[in-house]
>>> print(open('target_35.txt').read())   # compact mmCIF, C-alpha atoms and all ligand atoms
# COMPACT_ATOMS: atom_id res chain seq x y z
CA MET A 1 -47.78 -54.76 27.06
CA ALA A 2 -44.03 -54.32 27.51
CA ILE A 3 -41.13 -56.74 27.54
CA LEU A 4 -37.70 -55.85 28.90
CA ILE A 5 -34.81 -58.05 27.75
CA LYS A 6 -31.98 -57.58 30.25
CA ASN A 7 -28.25 -58.05 29.84
CA GLY A 8 -28.08 -59.86 26.51
CA THR A 9 -25.37 -59.37 23.91
CA ILE A 10 -27.05 -57.60 21.02
CA LEU A 11 -26.03 -58.91 17.62
CA ASN A 12 -27.68 -56.68 15.04
CA PRO A 13 -26.08 -57.04 11.60
CA ALA A 14 -27.92 -54.02 10.14
CA THR A 15 -26.01 -51.68 12.46
CA GLN A 16 -23.15 -54.07 13.29
CA THR A 17 -24.08 -53.60 16.95
CA ASN A 18 -22.26 -56.13 19.13
CA GLU A 19 -22.55 -55.10 22.78
CA VAL A 20 -24.38 -55.84 25.99
CA LEU A 21 -27.56 -53.75 26.10
CA ASP A 22 -31.08 -53.94 27.49
CA VAL A 23 -33.93 -53.93 25.00
CA LEU A 24 -37.35 -52.49 25.73
CA ILE A 25 -40.27 -53.66 23.64
CA THR A 26 -43.51 -51.71 23.87
CA ASP A 27 -46.50 -53.30 22.17
CA ASP A 28 -45.09 -54.55 18.84
CA THR A 29 -42.10 -52.21 18.60
CA ILE A 30 -38.53 -52.00 19.86
CA THR A 31 -38.67 -48.68 21.67
CA ARG A 32 -35.29 -48.48 23.42
CA MET A 33 -31.87 -50.09 23.48
CA ALA A 34 -29.50 -48.86 26.17
CA PRO A 35 -27.00 -50.12 28.76
CA SER A 36 -29.46 -50.18 31.65
CA ILE A 37 -33.19 -49.72 31.29
CA ASP A 38 -35.81 -49.80 34.05
CA ALA A 39 -39.42 -50.24 33.03
CA ASP A 40 -42.12 -50.63 35.65
CA GLY A 41 -44.59 -53.36 34.87
CA ALA A 42 -42.67 -54.82 31.95
CA GLU A 43 -42.21 -58.58 31.70
CA VAL A 44 -38.49 -59.08 32.27
CA ILE A 45 -36.52 -61.70 30.34
CA ASP A 46 -33.02 -62.25 31.69
CA ALA A 47 -30.73 -62.75 28.71
CA THR A 48 -27.44 -62.80 30.59
CA GLY A 49 -24.90 -64.80 28.56
CA CYS A 50 -27.26 -64.95 25.56
CA PHE A 51 -27.31 -63.37 22.11
CA VAL A 52 -30.23 -61.10 21.29
CA ALA A 53 -30.68 -60.95 17.53
CA PRO A 54 -33.29 -60.30 14.83
CA GLY A 55 -35.79 -63.18 14.68
CA PHE A 56 -34.57 -65.76 12.17
CA ILE A 57 -35.93 -65.66 8.63
CA ASP A 58 -36.11 -68.95 6.73
CA MET A 59 -36.29 -68.43 2.98
CA HIS A 60 -37.20 -72.06 2.39
CA VAL A 61 -39.77 -74.22 4.19
CA HIS A 62 -42.50 -76.66 3.17
CA PHE A 63 -45.56 -76.33 5.40
CA ARG A 64 -47.67 -78.69 3.23
CA ASP A 65 -50.82 -76.65 3.61
CA PRO A 66 -53.15 -76.99 1.70
CA GLY A 67 -53.52 -80.65 0.97
CA GLN A 68 -50.75 -82.58 2.71
CA THR A 69 -51.53 -81.73 6.30
CA ALA A 70 -50.71 -85.20 7.60
CA LYS A 71 -47.08 -84.06 7.16
CA GLU A 72 -47.42 -80.50 8.54
CA ASP A 73 -49.87 -77.63 8.51
CA ILE A 74 -49.60 -73.90 8.99
CA GLU A 75 -50.18 -74.13 12.73
CA THR A 76 -47.70 -76.94 13.46
CA GLY A 77 -45.21 -75.48 11.01
CA SER A 78 -45.48 -72.08 12.70
CA ARG A 79 -45.06 -73.68 16.12
CA ALA A 80 -41.97 -75.56 14.95
CA ALA A 81 -40.56 -72.39 13.40
CA ALA A 82 -41.08 -70.41 16.62
CA HIS A 83 -39.33 -73.21 18.54
CA GLY A 84 -36.41 -72.80 16.13
CA GLY A 85 -36.17 -69.03 16.67
CA TYR A 86 -37.88 -68.07 13.41
CA THR A 87 -40.25 -65.14 13.13
CA THR A 88 -40.62 -65.23 9.34
CA VAL A 89 -40.58 -68.10 6.83
CA CYS A 90 -41.13 -68.39 3.10
CA ALA A 91 -43.42 -71.34 2.34
CA MET A 92 -42.80 -73.14 -0.92
CA PRO A 93 -45.74 -73.62 -3.29
CA ASN A 94 -45.45 -77.38 -4.02
CA THR A 95 -48.58 -78.08 -1.98
CA SER A 96 -51.73 -79.83 -3.13
CA PRO A 97 -53.10 -77.95 -4.97
CA VAL A 98 -50.00 -76.02 -6.02
CA ILE A 99 -50.04 -72.33 -5.00
CA ASP A 100 -50.39 -70.82 -8.46
CA CYS A 101 -53.21 -68.30 -8.01
CA PRO A 102 -53.99 -65.38 -5.65
CA GLU A 103 -56.84 -67.17 -3.83
CA LEU A 104 -54.45 -69.78 -2.46
CA VAL A 105 -51.92 -67.11 -1.45
CA HIS A 106 -54.67 -65.40 0.56
CA TYR A 107 -55.69 -68.74 2.10
CA VAL A 108 -52.18 -69.29 3.53
CA HIS A 109 -51.66 -65.70 4.62
CA ASN A 110 -55.03 -65.57 6.38
CA LYS A 111 -54.51 -68.88 8.15
CA ALA A 112 -51.00 -67.90 9.25
CA LYS A 113 -52.31 -64.63 10.67
CA GLU A 114 -55.03 -66.49 12.57
CA VAL A 115 -52.40 -68.81 14.06
CA GLY A 116 -50.21 -65.82 14.85
CA LEU A 117 -47.00 -67.67 15.71
CA CYS A 118 -44.89 -66.80 12.67
CA ASN A 119 -45.01 -64.61 9.58
CA VAL A 120 -45.62 -67.13 6.82
CA LEU A 121 -44.91 -65.55 3.45
CA GLN A 122 -46.34 -67.71 0.70
CA VAL A 123 -44.16 -68.08 -2.39
CA GLY A 124 -45.94 -68.42 -5.74
CA ALA A 125 -45.29 -71.19 -8.25
CA MET A 126 -43.80 -70.08 -11.57
CA THR A 127 -45.94 -72.31 -13.79
CA ASP A 128 -49.54 -73.50 -13.65
CA GLY A 129 -49.73 -76.51 -11.33
CA MET A 130 -45.91 -76.62 -11.51
CA LYS A 131 -46.36 -78.51 -14.76
CA GLY A 132 -43.74 -76.43 -16.56
CA GLU A 133 -46.10 -75.72 -19.47
CA LYS A 134 -47.37 -72.17 -19.02
CA LEU A 135 -46.83 -69.36 -16.56
CA SER A 136 -48.98 -69.27 -13.43
CA GLN A 137 -51.01 -66.21 -12.41
CA LEU A 138 -47.79 -64.40 -11.50
CA GLU A 139 -48.99 -60.81 -11.53
CA PRO A 140 -52.20 -61.47 -9.55
CA MET A 141 -50.10 -63.41 -7.02
CA ILE A 142 -47.61 -60.53 -6.77
CA GLU A 143 -50.61 -58.26 -6.17
CA ALA A 144 -51.73 -60.71 -3.46
CA GLY A 145 -48.38 -60.34 -1.72
CA ILE A 146 -46.04 -63.19 -2.65
CA PRO A 147 -42.49 -62.25 -1.62
CA ALA A 148 -40.90 -64.38 -4.35
CA MET A 149 -41.62 -66.97 -7.04
CA SER A 150 -40.29 -70.53 -7.12
CA GLU A 151 -40.85 -73.90 -8.73
CA ASP A 152 -39.13 -75.61 -5.78
CA GLY A 153 -39.20 -79.37 -5.99
CA LYS A 154 -38.11 -79.11 -9.61
CA SER A 155 -36.68 -76.77 -12.23
CA VAL A 156 -38.63 -75.08 -15.01
CA MET A 157 -36.86 -77.14 -17.66
CA ASN A 158 -38.17 -75.05 -20.58
CA THR A 159 -35.57 -72.26 -20.56
CA ASN A 160 -37.72 -69.93 -22.64
CA LEU A 161 -40.61 -70.24 -20.17
CA PHE A 162 -38.15 -69.76 -17.30
CA ARG A 163 -36.90 -66.58 -18.96
CA GLU A 164 -40.45 -65.28 -19.33
CA ALA A 165 -41.00 -65.79 -15.60
CA LEU A 166 -37.74 -63.98 -14.81
CA ARG A 167 -38.86 -61.03 -16.93
CA VAL A 168 -41.97 -60.76 -14.76
CA ALA A 169 -39.84 -61.11 -11.61
CA ALA A 170 -37.49 -58.37 -12.82
CA ALA A 171 -40.34 -56.02 -13.72
CA HIS A 172 -41.88 -56.39 -10.26
CA GLN A 173 -38.57 -56.64 -8.40
CA ILE A 174 -39.26 -59.89 -6.63
CA PRO A 175 -36.62 -62.60 -6.38
CA VAL A 176 -36.73 -66.02 -8.01
CA LEU A 177 -35.90 -68.87 -5.62
CA SER A 178 -34.48 -71.52 -7.85
CA HIS A 179 -34.31 -75.27 -7.27
CA CYS A 180 -31.64 -76.41 -9.73
CA GLU A 181 -31.99 -79.93 -11.08
CA ASP A 182 -31.70 -81.15 -14.64
CA ILE A 183 -34.46 -83.74 -14.47
CA ASN A 184 -33.20 -85.69 -17.48
CA LEU A 185 -29.75 -86.02 -15.99
CA VAL A 186 -31.05 -87.38 -12.66
CA ASP A 187 -31.56 -90.72 -14.37
CA GLY A 188 -33.14 -92.45 -11.36
CA GLY A 189 -30.53 -91.26 -8.86
CA VAL A 190 -31.52 -90.85 -5.21
CA MET A 191 -28.21 -90.09 -3.43
CA ASN A 192 -24.90 -88.51 -4.38
CA ALA A 193 -23.11 -90.33 -7.20
CA GLY A 194 -19.78 -91.84 -6.16
CA PRO A 195 -18.12 -94.64 -4.19
CA LYS A 196 -20.62 -94.51 -1.31
CA ALA A 197 -23.60 -94.91 -3.65
CA GLU A 198 -21.82 -97.80 -5.34
CA ALA A 199 -21.08 -99.43 -1.99
CA LEU A 200 -24.72 -99.16 -0.96
CA GLY A 201 -25.98 -100.23 -4.38
CA ILE A 202 -28.01 -97.02 -4.79
CA ARG A 203 -28.25 -95.01 -8.01
CA GLY A 204 -26.37 -91.71 -7.93
CA ILE A 205 -27.10 -88.03 -8.65
CA SER A 206 -24.01 -86.28 -10.04
CA ASN A 207 -23.00 -82.70 -9.23
CA ALA A 208 -23.69 -81.76 -12.86
CA VAL A 209 -27.44 -82.32 -12.29
CA GLU A 210 -27.37 -79.22 -10.10
CA ASN A 211 -24.50 -77.27 -11.65
CA ILE A 212 -25.90 -77.19 -15.19
CA ILE A 213 -29.15 -75.55 -14.14
CA GLU A 214 -27.38 -73.15 -11.77
CA ALA A 215 -25.18 -71.98 -14.64
CA ARG A 216 -28.22 -71.65 -16.91
CA ASP A 217 -30.21 -69.73 -14.31
CA ILE A 218 -27.35 -67.30 -13.67
CA MET A 219 -27.14 -66.59 -17.40
CA VAL A 220 -30.87 -66.02 -17.68
CA ALA A 221 -30.75 -63.74 -14.64
CA GLU A 222 -27.93 -61.81 -16.34
CA GLU A 223 -29.97 -61.44 -19.50
CA THR A 224 -33.21 -60.39 -17.76
CA GLY A 225 -31.82 -58.40 -14.83
CA ALA A 226 -33.85 -60.53 -12.40
CA THR A 227 -32.78 -61.22 -8.82
CA LEU A 228 -31.89 -64.91 -8.59
CA HIS A 229 -31.50 -66.82 -5.36
CA LEU A 230 -30.19 -70.38 -5.66
CA CYS A 231 -31.86 -72.79 -3.25
CA HIS A 232 -30.02 -75.44 -1.24
CA CYS A 233 -26.60 -75.21 -2.89
CA SER A 234 -24.84 -78.53 -2.34
CA THR A 235 -21.89 -78.74 -4.74
CA LYS A 236 -18.44 -77.20 -4.65
CA GLU A 237 -19.00 -75.92 -8.19
CA SER A 238 -22.09 -73.98 -7.08
CA VAL A 239 -19.81 -71.74 -5.00
CA ASP A 240 -17.63 -71.04 -8.06
CA LEU A 241 -20.68 -70.34 -10.22
CA ILE A 242 -22.11 -67.83 -7.75
CA ARG A 243 -18.73 -66.16 -7.29
CA CYS A 244 -18.39 -65.84 -11.04
CA GLY A 245 -21.95 -64.54 -11.46
CA LYS A 246 -21.42 -61.90 -8.80
CA ALA A 247 -18.16 -60.82 -10.45
CA ARG A 248 -20.15 -60.29 -13.66
CA GLY A 249 -22.62 -58.09 -11.82
CA VAL A 250 -25.48 -60.60 -11.80
CA LYS A 251 -27.91 -60.23 -8.90
CA VAL A 252 -27.36 -63.76 -7.65
CA SER A 253 -27.23 -65.17 -4.13
CA GLY A 254 -27.17 -68.64 -2.67
CA GLU A 255 -28.35 -70.54 0.36
CA VAL A 256 -26.98 -73.58 2.16
CA CYS A 257 -29.00 -75.91 4.40
CA PRO A 258 -27.60 -77.20 7.71
CA HIS A 259 -27.62 -80.82 6.51
CA HIS A 260 -25.36 -79.93 3.60
CA PHE A 261 -22.74 -78.15 5.74
CA THR A 262 -22.99 -80.72 8.55
CA LEU A 263 -23.13 -84.13 6.85
CA CYS A 264 -21.72 -85.81 3.75
CA ASP A 265 -22.58 -88.94 1.76
CA GLU A 266 -20.18 -91.05 3.83
CA ASP A 267 -22.48 -90.49 6.82
CA ILE A 268 -25.34 -92.40 5.19
CA PRO A 269 -25.52 -95.55 7.32
CA SER A 270 -27.53 -97.88 5.10
CA ALA A 271 -29.78 -98.26 2.09
CA GLU A 272 -32.72 -98.34 4.49
CA ASP A 273 -32.30 -95.07 6.39
CA SER A 274 -34.19 -92.51 4.32
CA ASN A 275 -33.66 -89.85 6.99
CA TYR A 276 -30.48 -89.15 5.01
CA LYS A 277 -32.41 -88.75 1.76
CA MET A 278 -33.03 -85.25 0.50
CA ASN A 279 -32.81 -83.36 -2.76
CA PRO A 280 -30.18 -82.22 -3.54
CA PRO A 281 -28.41 -85.08 -1.77
CA LEU A 282 -25.64 -85.06 0.82
CA ARG A 283 -22.49 -84.63 -1.25
CA THR A 284 -18.84 -85.44 -0.56
CA ALA A 285 -16.71 -84.13 2.30
CA GLU A 286 -14.95 -81.98 -0.30
CA ASP A 287 -18.22 -80.37 -1.39
CA ARG A 288 -19.15 -79.80 2.25
CA GLU A 289 -15.85 -78.04 2.91
CA ALA A 290 -16.35 -75.80 -0.15
CA LEU A 291 -19.82 -74.84 1.14
CA ARG A 292 -18.42 -73.98 4.56
CA LYS A 293 -15.70 -71.84 2.97
CA GLY A 294 -18.26 -70.25 0.65
CA LEU A 295 -20.33 -69.26 3.68
CA SER A 296 -17.26 -68.05 5.52
CA GLU A 297 -16.12 -65.89 2.60
CA GLY A 298 -19.60 -64.46 2.04
CA VAL A 299 -20.13 -65.96 -1.42
CA LEU A 300 -23.04 -67.90 0.09
CA GLU A 301 -25.14 -65.40 2.01
CA VAL A 302 -28.03 -67.38 3.45
CA ILE A 303 -28.66 -70.35 5.70
CA SER A 304 -32.11 -71.80 5.06
CA THR A 305 -33.58 -75.13 6.11
CA ASP A 306 -35.60 -76.68 3.24
CA HIS A 307 -37.79 -77.95 6.12
CA ALA A 308 -39.47 -80.87 4.34
CA PRO A 309 -41.76 -82.87 6.60
CA HIS A 310 -42.94 -86.33 5.54
CA THR A 311 -44.93 -88.98 7.41
CA GLU A 312 -43.27 -91.88 9.17
CA GLU A 313 -45.01 -94.30 6.84
CA GLU A 314 -43.63 -92.57 3.73
CA LYS A 315 -40.12 -92.37 5.14
CA ALA A 316 -40.17 -96.08 6.12
CA ARG A 317 -40.16 -97.12 2.45
CA GLY A 318 -36.36 -97.36 2.22
CA PHE A 319 -33.88 -95.11 0.50
CA THR A 320 -35.01 -95.62 -3.07
CA LYS A 321 -38.76 -95.34 -2.54
CA ALA A 322 -39.11 -92.81 0.30
CA PRO A 323 -39.73 -89.15 -0.62
CA PHE A 324 -36.83 -86.66 -0.53
CA GLY A 325 -36.58 -84.29 2.41
CA ILE A 326 -35.91 -83.76 6.13
CA VAL A 327 -37.33 -81.39 8.72
CA GLY A 328 -35.05 -78.53 9.72
CA VAL A 329 -36.50 -75.46 11.41
CA GLU A 330 -36.07 -76.82 14.93
CA THR A 331 -32.39 -77.75 14.57
CA ALA A 332 -30.95 -75.13 12.21
CA ALA A 333 -29.69 -72.60 14.75
CA ALA A 334 -27.99 -75.20 16.95
CA LEU A 335 -26.37 -76.91 13.95
CA THR A 336 -25.20 -73.58 12.57
CA TYR A 337 -23.72 -72.53 15.87
CA SER A 338 -22.13 -75.93 16.54
CA GLU A 339 -20.72 -76.56 13.07
CA LEU A 340 -19.97 -73.12 11.70
CA VAL A 341 -19.40 -70.80 14.66
CA LEU A 342 -17.63 -73.27 16.95
CA GLY A 343 -16.02 -74.75 13.82
CA GLY A 344 -14.40 -71.37 13.11
CA TYR A 345 -16.18 -70.61 9.82
CA LEU A 346 -18.53 -67.85 11.01
CA THR A 347 -18.57 -65.27 13.77
CA PRO A 348 -21.80 -65.11 15.79
CA MET A 349 -22.60 -61.86 13.93
CA GLN A 350 -22.19 -63.60 10.56
CA MET A 351 -24.49 -66.38 11.75
CA MET A 352 -27.19 -63.79 12.45
CA GLU A 353 -26.53 -62.12 9.08
CA LYS A 354 -27.11 -65.38 7.23
CA MET A 355 -30.14 -66.36 9.29
CA SER A 356 -32.00 -63.04 9.32
CA TYR A 357 -30.46 -59.89 7.87
CA ASN A 358 -29.40 -61.27 4.47
CA PRO A 359 -32.68 -63.12 3.83
CA ALA A 360 -34.60 -59.90 4.56
CA ARG A 361 -32.34 -57.93 2.25
CA ILE A 362 -32.67 -60.42 -0.61
CA LEU A 363 -36.44 -60.62 -0.17
CA GLY A 364 -36.65 -56.82 0.05
CA ILE A 365 -38.69 -56.89 3.26
CA ASP A 366 -38.35 -54.52 6.21
CA LYS A 367 -37.28 -57.17 8.70
CA GLY A 368 -34.07 -58.63 10.08
CA ASP A 369 -33.12 -55.47 12.01
CA ILE A 370 -33.64 -54.87 15.73
CA SER A 371 -32.90 -51.15 15.77
CA GLU A 372 -35.10 -48.79 17.78
CA GLY A 373 -38.39 -48.15 15.99
CA LYS A 374 -38.43 -51.51 14.22
CA VAL A 375 -41.01 -54.24 14.72
CA ALA A 376 -39.99 -56.43 17.66
CA ASP A 377 -39.18 -59.72 15.92
CA VAL A 378 -36.44 -61.03 18.19
CA VAL A 379 -34.64 -64.26 19.02
CA ILE A 380 -32.74 -64.91 22.23
CA PHE A 381 -30.10 -67.58 21.71
CA ASP A 382 -28.00 -69.16 24.45
CA PRO A 383 -24.62 -70.26 23.04
CA ASN A 384 -23.65 -72.05 26.25
CA GLN A 385 -26.25 -74.83 26.40
CA THR A 386 -25.15 -78.26 25.23
CA TYR A 387 -27.78 -80.95 24.67
CA GLU A 388 -28.87 -83.75 22.37
CA ILE A 389 -31.28 -83.35 19.48
CA HIS A 390 -34.36 -85.54 19.89
CA ALA A 391 -37.28 -85.59 17.48
CA ALA A 392 -39.55 -86.24 20.47
CA ASP A 393 -38.90 -82.61 21.51
CA PHE A 394 -40.09 -81.20 18.16
CA HIS A 395 -43.22 -79.12 17.91
CA GLY A 396 -43.78 -79.91 14.21
CA LYS A 397 -45.83 -82.87 13.01
CA SER A 398 -43.05 -84.84 11.34
CA LYS A 399 -39.87 -86.24 12.80
CA ASN A 400 -37.87 -87.20 9.69
CA MET A 401 -34.25 -86.11 10.15
CA PRO A 402 -30.80 -87.66 10.53
CA PHE A 403 -29.73 -85.85 13.70
CA GLU A 404 -31.42 -88.00 16.37
CA GLY A 405 -29.15 -88.10 19.45
CA ARG A 406 -26.62 -85.66 17.98
CA LYS A 407 -24.89 -83.47 20.55
CA VAL A 408 -25.12 -79.75 19.78
CA THR A 409 -24.34 -76.46 21.45
CA GLY A 410 -26.66 -73.47 21.32
CA ALA A 411 -30.34 -73.22 22.19
CA VAL A 412 -33.14 -70.82 21.34
CA VAL A 413 -34.44 -69.66 24.70
CA ALA A 414 -37.13 -67.27 23.48
CA THR A 415 -38.72 -66.12 20.25
CA ILE A 416 -40.66 -62.86 20.10
CA LEU A 417 -42.95 -62.01 17.18
CA ALA A 418 -44.10 -58.39 16.99
CA GLY A 419 -43.74 -58.04 20.75
CA ARG A 420 -45.42 -61.35 21.68
CA VAL A 421 -43.51 -64.34 23.03
CA THR A 422 -44.15 -67.22 20.61
CA TYR A 423 -41.69 -69.63 22.20
CA ARG A 424 -40.01 -69.83 25.59
CA ARG A 425 -37.62 -72.61 26.61
O1 LIG A 501 -35.63 -82.72 -0.22
C1 LIG A 501 -36.49 -82.08 -0.78
N1 LIG A 501 -37.76 -82.07 -0.34
N2 LIG A 501 -36.15 -81.39 -1.85
C2 LIG A 501 -37.07 -80.79 -2.61
O2 LIG A 501 -36.70 -80.19 -3.57
C3 LIG A 501 -38.50 -80.89 -2.30
C4 LIG A 501 -38.70 -81.14 -0.87
C5 LIG A 501 -40.10 -81.57 -0.55
O3 LIG A 501 -41.05 -80.89 -0.97
O4 LIG A 501 -40.27 -82.57 0.15
ZN ZN A 502 -35.74 -77.78 -3.70
ZN ZN A 503 -37.56 -77.25 -0.86
>>> encode(input="target_35.txt", output="structure tokens", more="lines below")
Ligand code: DOR
Ligand code: ZN
Ligand code: ZN
Amino acid sequence: MAILIKNGTILNPATQTNEVLDVLITDDTITRMAPSIDADGAEVIDATGCFVAPGFIDMHVHFRDPGQTAKEDIETGSRAAAHGGYTTVCAMPNTSPVIDCPELVHYVHNKAKEVGLCNVLQVGAMTDGMKGEKLSQLEPMIEAGIPAMSEDGKSVMNTNLFREALRVAAAHQIPVLSHCEDINLVDGGVMNAGPKAEALGIRGISNAVENIIEARDIMVAEETGATLHLCHCSTKESVDLIRCGKARGVKVSGEVCPHHFTLCDEDIPSAEDSNYKMNPPLRTAEDREALRKGLSEGVLEVISTDHAPHTEEEKARGFTKAPFGIVGVETAAALTYSELVLGGYLTPMQMMEKMSYNPARILGIDKGDISEGKVADVVIFDPNQTYEIHAADFHGKSKNMPFEGRKVTGAVVATILAGRVTYRR
């Protein structure tokens, strides 16, 4: 089976290639890239006016499988990811049961392979049942193929236990994906602390809730030599902390989610609309601007989604009672292009870096590069299409997100996973 992608603008961060070329895919491999290729019998995809880039890699999704499959499962999550241009995702372990042993890692990997629409890399929890009391079966899970460890959904509040986990991560050279939240300082907050929370009569979460644990984690990474990746950075101080850590030689990186660089707390319409409720919360316009600048300057290297599906019934409970989280894999590329590329913060090449090349580099996986000889994980993205986001168009199970009706520019027109088309617009 061969696919010939004609006339697209190649954006390959690994080689800094930015030119119009044809791409020939034979079986699962990129076999040729050249100005004009003819290939008898190949399926031709016309990519005129489109970007052809490495398939997106999302370092942060919740696919809810096992145990919470009313929200999402590996098949619907994979379908949604393919629709969003993703060929690889890292699934967080806060499922039911928690992914804290090798058997559960195998369960997810096997199911994802059966589905065959996306590489789902299962992240292992750092502590047993995510209870924060003792380490999980980290080494057996590393043996089973976890790409990273994470306690996402919370922080390992016991710093000594956290340090033990980072020692294991450092010894095996896998990154730690850290959700930073001082649980004692949250104090019942559900949205950003400040005038908007006061106006809505909702309890606030201050920036310090996040910043304190980020600073702690950077110091523990410095002491252990572990690779630390900070999840969903939302505060202006997080950019300073990462900049400072990097200057000290710490192996630290950070990700931003589209909702945090697109929206701010002032956009929250009411105390009822929990589609604006996620953790960490939407911060101030000033925080948002610092995140955009941090991405632009390269301090923040990754755009991830924190795709967090929840049922309609759960999200209808109002701001205080509904669970935290919004879905994201099907809107991330369009929001990134609309807000950051058209907004002048990123070049198209930098967008691809943050959505594929940098995640692969941080995870230490041989992906995110569409050079000849590499596996054909490819996204074709049309930067000229303008349309409205509608949850009714989503392929995932859940529809919880605050972008209904929002006008965006940029559409995924095809996703190719190891030489097979997994999505076509
Ligand atoms: O908004 C969030 N949703 N933040 C988290 O940390 C957890 C996630 C979830 O699992 O729903
Ligand atoms: Zn989190
Ligand atoms: Zn998360």
>>> residues_near_ligand(input="target_35.txt", ligand="ligand LIG 501 (chain A)", cutoff="9 Å", atoms="only C-alpha atoms and all ligand atoms", output="PyMOL selection string")
chain A and resi 61-62+64+92-95+152-154+179-181+231-232+277-281+306-310+323-326
>>> write_last_selection(input="target_35.txt", atoms="C-alpha atoms", output="short mmCIF file (atom, residue, chain, number, x, y, z; two decimals), in the coordinates of the input")
data_model
loop_
_atom_site.label_atom_id
_atom_site.label_comp_id
_atom_site.auth_asym_id
_atom_site.auth_seq_id
_atom_site.Cartn_x
_atom_site.Cartn_y
_atom_site.Cartn_z
CA VAL A 61 -39.77 -74.22 4.19
CA HIS A 62 -42.50 -76.66 3.17
CA ARG A 64 -47.67 -78.69 3.23
CA MET A 92 -42.80 -73.14 -0.92
CA PRO A 93 -45.74 -73.62 -3.29
CA ASN A 94 -45.45 -77.38 -4.02
CA THR A 95 -48.58 -78.08 -1.98
CA ASP A 152 -39.13 -75.61 -5.78
CA GLY A 153 -39.20 -79.37 -5.99
CA LYS A 154 -38.11 -79.11 -9.61
CA HIS A 179 -34.31 -75.27 -7.27
CA CYS A 180 -31.64 -76.41 -9.73
CA GLU A 181 -31.99 -79.93 -11.08
CA CYS A 231 -31.86 -72.79 -3.25
CA HIS A 232 -30.02 -75.44 -1.24
CA LYS A 277 -32.41 -88.75 1.76
CA MET A 278 -33.03 -85.25 0.50
CA ASN A 279 -32.81 -83.36 -2.76
CA PRO A 280 -30.18 -82.22 -3.54
CA PRO A 281 -28.41 -85.08 -1.77
CA ASP A 306 -35.60 -76.68 3.24
CA HIS A 307 -37.79 -77.95 6.12
CA ALA A 308 -39.47 -80.87 4.34
CA PRO A 309 -41.76 -82.87 6.60
CA HIS A 310 -42.94 -86.33 5.54
CA PRO A 323 -39.73 -89.15 -0.62
CA PHE A 324 -36.83 -86.66 -0.53
CA GLY A 325 -36.58 -84.29 2.41
CA ILE A 326 -35.91 -83.76 6.13
#
>>> closest_atom_pairs(input="target_35.txt", of="range 234-343 of chain A", to="range 347-371 of chain A", cutoff="8 Å", atoms="all atoms listed in the file", output="Markdown table")
| residue | atom | partner | partner_atom | distance |
| --- | --- | --- | --- | --- |
| A:Glu301 | CA | A:Lys354 | CA | 5.6 |
| A:Val302 | CA | A:Lys354 | CA | 4.4 |
| A:Ile303 | CA | A:Lys354 | CA | 5.4 |
| A:Ser304 | CA | A:Met355 | CA | 7.2 |
| A:Thr336 | CA | A:Met351 | CA | 7.3 |
| A:Tyr337 | CA | A:Met351 | CA | 7.4 |
| A:Val341 | CA | A:Thr347 | CA | 5.7 |
>>> write_last_selection(input="target_35.txt", atoms="C-alpha atoms", output="mmCIF file, keeping the file's coordinate frame")
data_model
loop_
_atom_site.group_PDB
_atom_site.id
_atom_site.type_symbol
_atom_site.label_atom_id
_atom_site.label_comp_id
_atom_site.auth_asym_id
_atom_site.auth_seq_id
_atom_site.Cartn_x
_atom_site.Cartn_y
_atom_site.Cartn_z
ATOM 1 C CA GLU A 301 -25.140 -65.400 2.010
ATOM 2 C CA VAL A 302 -28.030 -67.380 3.450
ATOM 3 C CA ILE A 303 -28.660 -70.350 5.700
ATOM 4 C CA SER A 304 -32.110 -71.800 5.060
ATOM 5 C CA THR A 336 -25.200 -73.580 12.570
ATOM 6 C CA TYR A 337 -23.720 -72.530 15.870
ATOM 7 C CA VAL A 341 -19.400 -70.800 14.660
#
>>> axis_aligned_box(input="target_35.txt", around="range 132-143 of chain A", padding_each_side="6 Å", output="AutoDock Vina command-line options")
--center_x -48.0 --center_y -67.3 --center_z -12.8 --size_x 20.5 --size_y 30.2 --size_z 25.3
>>> residues_around(input="target_35.txt", residues="Pro66 in chain A", least_positions_apart="5", cutoff="8 Å", atoms="all atoms listed in the file", output="PyMOL selection string")
chain A and resi 73+95-97+108
>>> write_last_selection(input="target_35.txt", atoms="C-alpha atoms", output="JSON list (two decimals), in the coordinates of the input")
[["chain", "number", "residue", "atom", "x", "y", "z"],
["A", 73, "ASP", "CA", -49.87, -77.63, 8.51],
["A", 95, "THR", "CA", -48.58, -78.08, -1.98],
["A", 96, "SER", "CA", -51.73, -79.83, -3.13],
["A", 97, "PRO", "CA", -53.10, -77.95, -4.97],
["A", 108, "VAL", "CA", -52.18, -69.29, 3.53]]
>>> residues_around(input="target_35.txt", residues="Leu282 in chain A", least_positions_apart="6", cutoff="7 Å", atoms="only C-alpha atoms", output="PyMOL selection string")
chain A and resi 192+260+263-265
>>> atom_distance(input="target_35.txt", atom1="CA of Ala197 in chain A", atom2="CA of Tyr276 in chain A")
12.5 Å
>>> residues_around(input="target_35.txt", residues="range 201-206 of chain A", least_positions_apart="4", cutoff="10 Å", atoms="all atoms listed in the file", output="ChimeraX atom specification")
/A:181,185-197,210-211,235,270-271,279-281,283,319-320
>>> residues_around(input="target_35.txt", residues="Thr415 in chain A", least_positions_apart="3", cutoff="6 Å", atoms="all atoms listed in the file", output="list of chain:residue names")
A:Gly85, A:Val378, A:Val379, A:Val421, A:Thr422, A:Tyr423
>>> atom_distance(input="target_35.txt", atom1="CA of Ile3 in chain A", atom2="CA of Val329 in chain A")
25.1 Å
